[in-house]
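K.L.:
Can you read through this structure? Questions will come right after.
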Amino acid sequence: MKLTASLFLLIAIFASSAAVNKLSAQRIEFTSSDVADAAERLTGHRASMTNDIHLIAGRRLAGPAITMRVVRDDGASLMEEGLKAIKILESAPAGSVIVLALDDDKSFAVFGSTFATLAKSRRLAGFVVDGSMRGLPELRRLAFATFARGTTPGSAGGHYRLAGVNVSIVCGDIEVSPGDFVVGDEDGVAVAPKQLYQEVLTRAKGLRLEKQEILPLIVKYGSYTKAMQEYAEAVRKRNATKR
């Protein structure tokens, strides 16, 4: 018996569900900048998307990626491709981030307020789209975290088809794989590799705590040098106490 294309899509989604649920349990105690710095220091590779991908609605997101690759096909069925996307959203575990890369012309709207309403009702974390969105007033009213290149009235429906789900894609000029941990806020979007996410997040939390200690010291002394000296001494004393 042959499996349908839709069933293949559902199998690909559920294959990563255990990792998705584990990642979703992480508390948000860091910014996209913290994650970008921590991931780059660990991997030696850029971990942040270009600023073409920016926040257009909502505030922030953090969660594991479900990836979608969409390619140009002016003969694609609007109804069939729309139903595929709906099944992906309705099958995605709560807390997931939908990361979609639009091949070719980026100035088509992939999702709008209807899909955002569905995603929010399914408790997904947000959208990251290397392409465009539409329905900006409704997106802002929903306050559903959405990152994209911008907005446009024209839909990708009938011009693009889904070529892969939970495959490695290039989004915002960096590679994103299924299950990678994605963090987005007003600074932009950063990605931690799935296989290193625990270490990245630990380091990112450390960077956030470090900054929270240093900034008041800069205010206190009006000097970065003095602030760092006091911070270094405080760290030395803490380490000595632990011995």
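Letters A, B, ... mark the chains of the structure tokens in the order given; residue numbers begin at 1 per chain; ligand numbers begin at 1, in order shown.
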Taking only C-alpha atoms into account, produce a table as a Markdown table in which each residue of stretch 31-115 of chain A with an atom at most 10 Å from an atom of stretch 202-214 of chain A appears once, together with its shortest atom pair and the distance in Å to one decimal, ordered by chain and rising number.
P.N.:
| residue | atom | partner | partner_atom | distance |
| --- | --- | --- | --- | --- |
| A:Thr31 | CA | A:Arg208 | CA | 7.6 |
| A:Ser32 | CA | A:Ala204 | CA | 8.9 |
| A:Ser33 | CA | A:Ala204 | CA | 8.5 |
| A:Asp34 | CA | A:Ala204 | CA | 4.8 |
| A:Val35 | CA | A:Ala204 | CA | 5.2 |
| A:Ala36 | CA | A:Ala204 | CA | 8.3 |
| A:Asp37 | CA | A:Ala204 | CA | 7.5 |
| A:Ala38 | CA | A:Ala204 | CA | 5.5 |
| A:Ala39 | CA | A:Ala204 | CA | 8.3 |
| A:Arg41 | CA | A:Arg203 | CA | 9.6 |
| A:Leu42 | CA | A:Arg203 | CA | 9.4 |
K.L.:
Grab the residues selected above and save them as a CSV table (one decimal), in the first residue's frame with C-alpha atoms.
P.N.:
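The resulting file, out33.csv, is reproduced below:
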chain,number,residue,atom,x,y,z
A,31,THR,CA,17.9,37.1,24.4
A,32,SER,CA,18.6,36.4,20.7
A,33,SER,CA,21.9,38.2,21.1
A,34,ASP,CA,22.9,35.9,24.0
A,35,VAL,CA,22.1,32.8,21.9
A,36,ALA,CA,23.8,34.2,18.8
A,37,ASP,CA,27.0,34.9,20.8
A,38,ALA,CA,27.0,31.6,22.7
A,39,ALA,CA,26.3,29.5,19.5
A,41,ARG,CA,31.6,30.8,20.1
A,42,LEU,CA,30.8,27.1,20.3
K.L.:
If you run DSSP on this backbone, which residues of stretch 155-228 of chain A come out as helix (DSSP H, G or I), and could you give them as a PyMOL selection string?
P.N.:
chain A and resi 194-221+224-228
K.L.:
Just the selected residues (C-alpha atoms), exported as an mmCIF file, in the first residue's frame, please.
P.N.:
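What follows is the written file out-v1.cif:
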data_model
loop_
_atom_site.group_PDB
_atom_site.id
_atom_site.type_symbol
_atom_site.label_atom_id
_atom_site.label_comp_id
_atom_site.auth_asym_id
_atom_site.auth_seq_id
_atom_site.Cartn_x
_atom_site.Cartn_y
_atom_site.Cartn_z
ATOM 1 C CA LYS A 194 19.894 20.916 18.048
ATOM 2 C CA GLN A 195 22.904 18.785 18.990
ATOM 3 C CA LEU A 196 24.432 21.643 21.004
ATOM 4 C CA TYR A 197 21.331 23.431 22.225
ATOM 5 C CA GLN A 198 21.743 22.520 25.890
ATOM 6 C CA GLU A 199 25.287 23.859 26.021
ATOM 7 C CA VAL A 200 24.346 26.934 23.972
ATOM 8 C CA LEU A 201 21.441 27.777 26.257
ATOM 9 C CA THR A 202 23.550 27.290 29.376
ATOM 10 C CA ARG A 203 26.152 29.690 28.011
ATOM 11 C CA ALA A 204 23.465 32.127 26.833
ATOM 12 C CA LYS A 205 21.965 32.233 30.335
ATOM 13 C CA GLY A 206 25.451 32.876 31.709
ATOM 14 C CA LEU A 207 25.978 35.763 29.314
ATOM 15 C CA ARG A 208 22.623 37.275 30.357
ATOM 16 C CA LEU A 209 23.482 37.006 34.083
ATOM 17 C CA GLU A 210 26.902 38.532 33.431
ATOM 18 C CA LYS A 211 25.347 41.507 31.665
ATOM 19 C CA GLN A 212 22.772 41.956 34.417
ATOM 20 C CA GLU A 213 25.621 42.290 36.911
ATOM 21 C CA ILE A 214 27.866 44.520 34.800
ATOM 22 C CA LEU A 215 25.364 47.133 33.610
ATOM 23 C CA PRO A 216 24.530 48.477 37.112
ATOM 24 C CA LEU A 217 28.257 48.679 37.840
ATOM 25 C CA ILE A 218 28.816 50.801 34.730
ATOM 26 C CA VAL A 219 26.060 53.124 35.946
ATOM 27 C CA LYS A 220 27.587 53.171 39.433
ATOM 28 C CA TYR A 221 31.114 54.100 38.329
ATOM 29 C CA TYR A 224 33.456 50.286 31.959
ATOM 30 C CA THR A 225 36.990 49.550 33.192
ATOM 31 C CA LYS A 226 36.104 49.976 36.874
ATOM 32 C CA ALA A 227 32.895 48.017 36.397
ATOM 33 C CA MET A 228 34.800 45.093 34.907
#
K.L.:
Can you work out which one of A:Ala94, A:Leu118, A:Ile169, A:Val191 has the shortest atom-to-atom distance to A:Asp130, counting only C-alpha atoms?
P.N.:
A:Ile169
K.L.:
Pick from A:Pro153, A:Gly131, A:Gly184, A:Gly75: nearest to A:Gly58, with only C-alpha atoms counted?
P.N.:
A:Gly184
K.L.:
From the set A:Gly158, A:Gly188, A:Gly164, A:Pro193, which residue has the shortest atom-to-atom contact distance to A:Ala145, counting only C-alpha atoms?
P.N.:
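Nearest to A:Ala145: A:Gly188.
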K.L.:
Smallest atom-to-atom distance to A:Val165: which of A:Arg60, A:Lys84, A:Arg238, A:Arg122, using only C-alpha atoms?
P.N.:
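Distance minimum relative to A:Val165 lands on A:Lys84.
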K.L.:
Under the rule that only C-alpha atoms are counted, which of A:Pro64, A:Pro137, A:Gly157, A:Gly172 is the nearest residue to A:Gly82?
P.N.:
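Answer, going by the shortest atom-to-atom distance: A:Gly157.
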K.L.:
With only C-alpha atoms as the counted atoms, please give the residues lying no more than 12 Å from A:Tyr160, apart from itself and same-chain residues fewer than 3 positions off, as a ChimeraX atom specification.
P.N.:
/A:69-82,85,101-110,131,155-157,163
K.L.:
Could those residues be written to a file, using C-alpha atoms, as a tab-separated table (two decimals), in the first residue's frame?
P.N.:
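Final output, saved to result23.tsv:
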chain	number	residue	atom	x	y	z
A	69	ARG	CA	10.93	24.57	2.15
A	70	VAL	CA	8.70	26.19	-0.46
A	71	VAL	CA	9.70	26.41	-4.13
A	72	ARG	CA	8.39	28.34	-7.13
A	73	ASP	CA	5.71	26.55	-9.16
A	74	ASP	CA	3.18	28.69	-11.00
A	75	GLY	CA	1.16	25.56	-11.69
A	76	ALA	CA	0.77	24.67	-8.02
A	77	SER	CA	-2.72	24.07	-6.67
A	78	LEU	CA	-3.79	26.80	-4.25
A	79	MET	CA	-6.11	24.39	-2.43
A	80	GLU	CA	-3.74	21.40	-2.21
A	81	GLU	CA	-0.76	23.42	-1.03
A	82	GLY	CA	-2.89	25.30	1.47
A	85	ALA	CA	0.36	23.80	5.29
A	101	ALA	CA	12.19	29.45	3.43
A	102	LEU	CA	10.67	30.74	0.22
A	103	ASP	CA	12.85	30.01	-2.81
A	104	ASP	CA	13.09	32.50	-5.67
A	105	ASP	CA	11.05	35.72	-5.26
A	106	LYS	CA	10.67	36.61	-1.57
A	107	SER	CA	7.99	39.24	-2.19
A	108	PHE	CA	5.04	36.86	-1.92
A	109	ALA	CA	3.03	36.45	1.28
A	110	VAL	CA	3.31	32.93	2.67
A	131	GLY	CA	9.65	35.66	2.53
A	155	SER	CA	-0.23	35.63	-1.86
A	156	ALA	CA	2.23	32.82	-2.62
A	157	GLY	CA	-0.81	30.61	-3.22
A	163	ALA	CA	9.00	20.86	-1.46
K.L.:
Calculated over only C-alpha atoms, which of the candidates A:Thr50, A:Ser96, A:Thr241, A:Ser121 has the smallest distance to A:Asn166?
P.N.:
A:Ser96
K.L.:
Which value, in Å to one decimal, gives the distance between atom CA of A:Ala47 and atom CA of A:Ala190?
P.N.:
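Result for atom CA of A:Ala47 versus atom CA of A:Ala190: 5.6 Å, one decimal.
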K.L.:
Run DSSP on the backbone and grab whatever in stretch 86-200 of chain A lands in strand (DSSP E or B); send it over as JSON, numbers by chain.
P.N.:
{"A": [97, 98, 99, 100, 101, 102, 109, 110, 111, 126, 127, 128, 129, 130, 132, 133, 146, 147, 148, 150, 151, 155, 160, 161, 162, 163, 164, 165, 169, 170, 171, 174, 175, 176, 181, 182, 183, 184, 185, 188, 189, 190, 191, 192]}
K.L.:
Name the residues in contact with A:Phe147 at a cut-off of 12 Å, using only C-alpha atoms, excluding same-chain residues fewer than 4 positions from it; report them as a PyMOL selection string.
P.N.:
chain A and resi 49-61+97-101+110-111+116+125-134+136+139-140+143+151+171-172+182-190
K.L.:
Work out how far apart atom CA of A:Ala62 and atom CA of A:Gly179 are and give it in Å to one decimal.
P.N.:
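Between these atoms lies a distance of 11.8 Å.
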